[in-house]
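Visitor: Mind having a look at this structure? Questions to follow.
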Amino acid sequence: MAKSIPNIESYSPETFKAEVKAYKSKGGEETPCFELKLYINGHFAATVKNHGTGGHNIYHWENATLKSIFDRHIQHLISQGKFKFDFEQNDEYIEELIEEFELKKWCKKLTVIKLKSHKDGEYLQLGQTYSSSVKEYVINKFGDDLAEIINERFILA
């Protein structure tokens, strides 16, 4: 039996979950050119595109309720001081979801780490599938510069 689409009153920041699926990208002149499927709380919500020419993302919403829930979540994140910029926060949020999607994909076959010396969005990929022995190696090799083993985010996901 299919899940019913939530109503706007059922929005809760604690249970809200946005997820990227079916992500495709290709170059771009000023910004990344991509298309993705956005899911909210397990429901297909929108196709999101960017033509890579410097403009903002284009959203094709499945219905107004899911758009309203997304917008409400963006407003919640704004109230929490989540975003770097005061404009196009929905696009900034989509960028974060794309990064998470890519990290999950990398973590399936590689060990991915973030060092304290890395800039935002910079990661080191080790050509080994993540395991307890690789974890021990990473901790010993990188010591105090190790900020995070990204694979740990997705172990129970």
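Ligands are numbered from 1 in the order shown, residues from 1 within each chain, and chains are lettered A, B, ... in the order they appear in the structure tokens.
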Which residues of region 48-101 of chain A come within 8 Å of region 36-40 of chain A, and what is each one's closest atom pair and distance in Å (one decimal), counting only C-alpha atoms, sorted by chain and residue number, as a tab-separated table?
Guide:
```
residue	atom	partner	partner_atom	distance
A:Val48	CA	A:Leu36	CA	5.4
A:Lys49	CA	A:Leu36	CA	6.6
A:Leu66	CA	A:Ile40	CA	7.2
A:Phe70	CA	A:Ile40	CA	7.7
```
Visitor: Please report as CSV every residue of region 27-111 of chain A lying within 10 Å of region 141-154 of chain A, along with the nearest atom pair and their distance in Å (one decimal), using only C-alpha atoms.
Guide:
```
residue,atom,partner,partner_atom,distance
A:Glu100,CA,A:Phe154,CA,9.8
A:Leu103,CA,A:Ile150,CA,7.5
A:Lys104,CA,A:Phe154,CA,6.9
A:Trp106,CA,A:Asn151,CA,8.8
A:Cys107,CA,A:Asn151,CA,5.5
A:Lys108,CA,A:Asn151,CA,8.3
A:Leu110,CA,A:Asn151,CA,8.5
A:Thr111,CA,A:Asn151,CA,6.5
```
Visitor: How about saving the chosen residues, all heavy atoms kept, as a compact mmCIF listing (two decimals), in the first residue's frame?
Guide:
```txt
# COMPACT_ATOMS: atom_id res chain seq x y z
N GLU A 100 26.01 15.08 -0.20
CA GLU A 100 25.73 13.87 0.57
C GLU A 100 25.52 12.67 -0.35
O GLU A 100 26.01 11.57 -0.09
CB GLU A 100 24.51 14.07 1.46
CG GLU A 100 24.20 12.84 2.31
CD GLU A 100 23.03 13.08 3.24
OE1 GLU A 100 23.06 14.05 4.01
OE2 GLU A 100 22.08 12.27 3.19
N LEU A 103 28.91 11.62 -1.64
CA LEU A 103 29.70 10.99 -0.58
C LEU A 103 29.22 9.55 -0.33
O LEU A 103 30.04 8.64 -0.18
CB LEU A 103 29.62 11.81 0.71
CG LEU A 103 30.39 13.12 0.71
CD1 LEU A 103 30.06 13.93 1.96
CD2 LEU A 103 31.89 12.89 0.60
N LYS A 104 27.92 9.35 -0.29
CA LYS A 104 27.38 7.99 -0.11
C LYS A 104 27.87 7.06 -1.22
O LYS A 104 28.24 5.91 -0.98
CB LYS A 104 25.85 8.00 -0.11
CG LYS A 104 25.23 8.40 1.17
CD LYS A 104 23.70 8.32 1.05
CE LYS A 104 23.03 8.77 2.29
NZ LYS A 104 21.56 8.75 2.18
N TRP A 106 30.60 7.39 -3.10
CA TRP A 106 32.03 7.12 -2.93
C TRP A 106 32.27 6.11 -1.81
O TRP A 106 33.13 5.24 -1.92
CB TRP A 106 32.79 8.39 -2.59
CG TRP A 106 32.85 9.42 -3.66
CD1 TRP A 106 32.57 9.29 -4.99
CD2 TRP A 106 33.22 10.79 -3.47
NE1 TRP A 106 32.75 10.47 -5.64
CE2 TRP A 106 33.15 11.41 -4.74
CE3 TRP A 106 33.60 11.54 -2.37
CZ2 TRP A 106 33.45 12.76 -4.92
CZ3 TRP A 106 33.91 12.88 -2.55
CH2 TRP A 106 33.83 13.47 -3.81
N CYS A 107 31.51 6.23 -0.73
CA CYS A 107 31.73 5.38 0.44
C CYS A 107 31.39 3.92 0.20
O CYS A 107 31.81 3.05 0.97
CB CYS A 107 30.94 5.91 1.64
SG CYS A 107 31.64 7.42 2.35
N LYS A 108 30.65 3.63 -0.85
CA LYS A 108 30.35 2.23 -1.16
C LYS A 108 31.60 1.45 -1.56
O LYS A 108 31.70 0.26 -1.31
CB LYS A 108 29.30 2.14 -2.27
CG LYS A 108 27.93 2.55 -1.81
CD LYS A 108 26.92 2.49 -2.94
CE LYS A 108 25.57 2.97 -2.46
NZ LYS A 108 24.59 3.01 -3.54
N LEU A 110 35.04 3.12 -1.52
CA LEU A 110 36.27 3.76 -1.05
C LEU A 110 36.15 4.14 0.42
O LEU A 110 35.05 4.16 0.97
CB LEU A 110 36.53 5.05 -1.85
CG LEU A 110 36.61 4.94 -3.36
CD1 LEU A 110 36.56 6.31 -4.00
CD2 LEU A 110 37.87 4.19 -3.77
N THR A 111 37.26 4.47 1.01
CA THR A 111 37.26 5.10 2.33
C THR A 111 37.44 6.59 2.08
O THR A 111 38.36 7.00 1.37
CB THR A 111 38.41 4.55 3.20
OG1 THR A 111 38.20 3.14 3.37
CG2 THR A 111 38.44 5.22 4.56
```
Visitor: Please return, as a count of residues only, all residues of region 4-106 of chain A that DSSP assigns to strand (DSSP E or B) on the basis of the backbone.
Guide: 29
Visitor: Could you please write out, as a ChimeraX atom specification, every residue of region 38-101 of chain A that DSSP assigns to alpha helix (DSSP H)?
Guide: /A:64-79,89-101
Visitor: Please, which residues in region 69-129 of chain A fall within 9 Å of region 10-15 of chain A when counting only C-alpha atoms, and what is the closest atom pair and distance in Å to one decimal for each, ordered by chain then residue number, as a tab-separated table?
Guide:
```
residue	atom	partner	partner_atom	distance
A:Ile69	CA	A:Tyr11	CA	6.3
A:Arg72	CA	A:Tyr11	CA	7.8
A:His73	CA	A:Pro13	CA	6.5
A:His76	CA	A:Pro13	CA	7.3
A:Leu77	CA	A:Pro13	CA	8.7
```
Visitor: Excluding same-chain residues fewer than 6 positions from Glu29 (chain A), what lies within 12 Å of it counting only C-alpha atoms, as a list in words?
Guide: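 Contacts, in chain order: Asn50, His51, Gly52, Thr53, Gly54 and Gly55 of chain A.
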Visitor: Restricting the output to C-alpha atoms, write the selected residues as an mmCIF file, in the first residue's frame.
Guide:
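Produced file again.cif, reproduced below:
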```
data_model
loop_
_atom_site.group_PDB
_atom_site.id
_atom_site.type_symbol
_atom_site.label_atom_id
_atom_site.label_comp_id
_atom_site.auth_asym_id
_atom_site.auth_seq_id
_atom_site.Cartn_x
_atom_site.Cartn_y
_atom_site.Cartn_z
ATOM 1 C CA ASN A 50 20.426 23.574 -13.322
ATOM 2 C CA HIS A 51 21.597 24.353 -16.856
ATOM 3 C CA GLY A 52 25.102 25.292 -15.677
ATOM 4 C CA THR A 53 25.039 28.826 -17.038
ATOM 5 C CA GLY A 54 25.148 30.662 -13.711
ATOM 6 C CA GLY A 55 21.436 30.813 -12.943
#
```
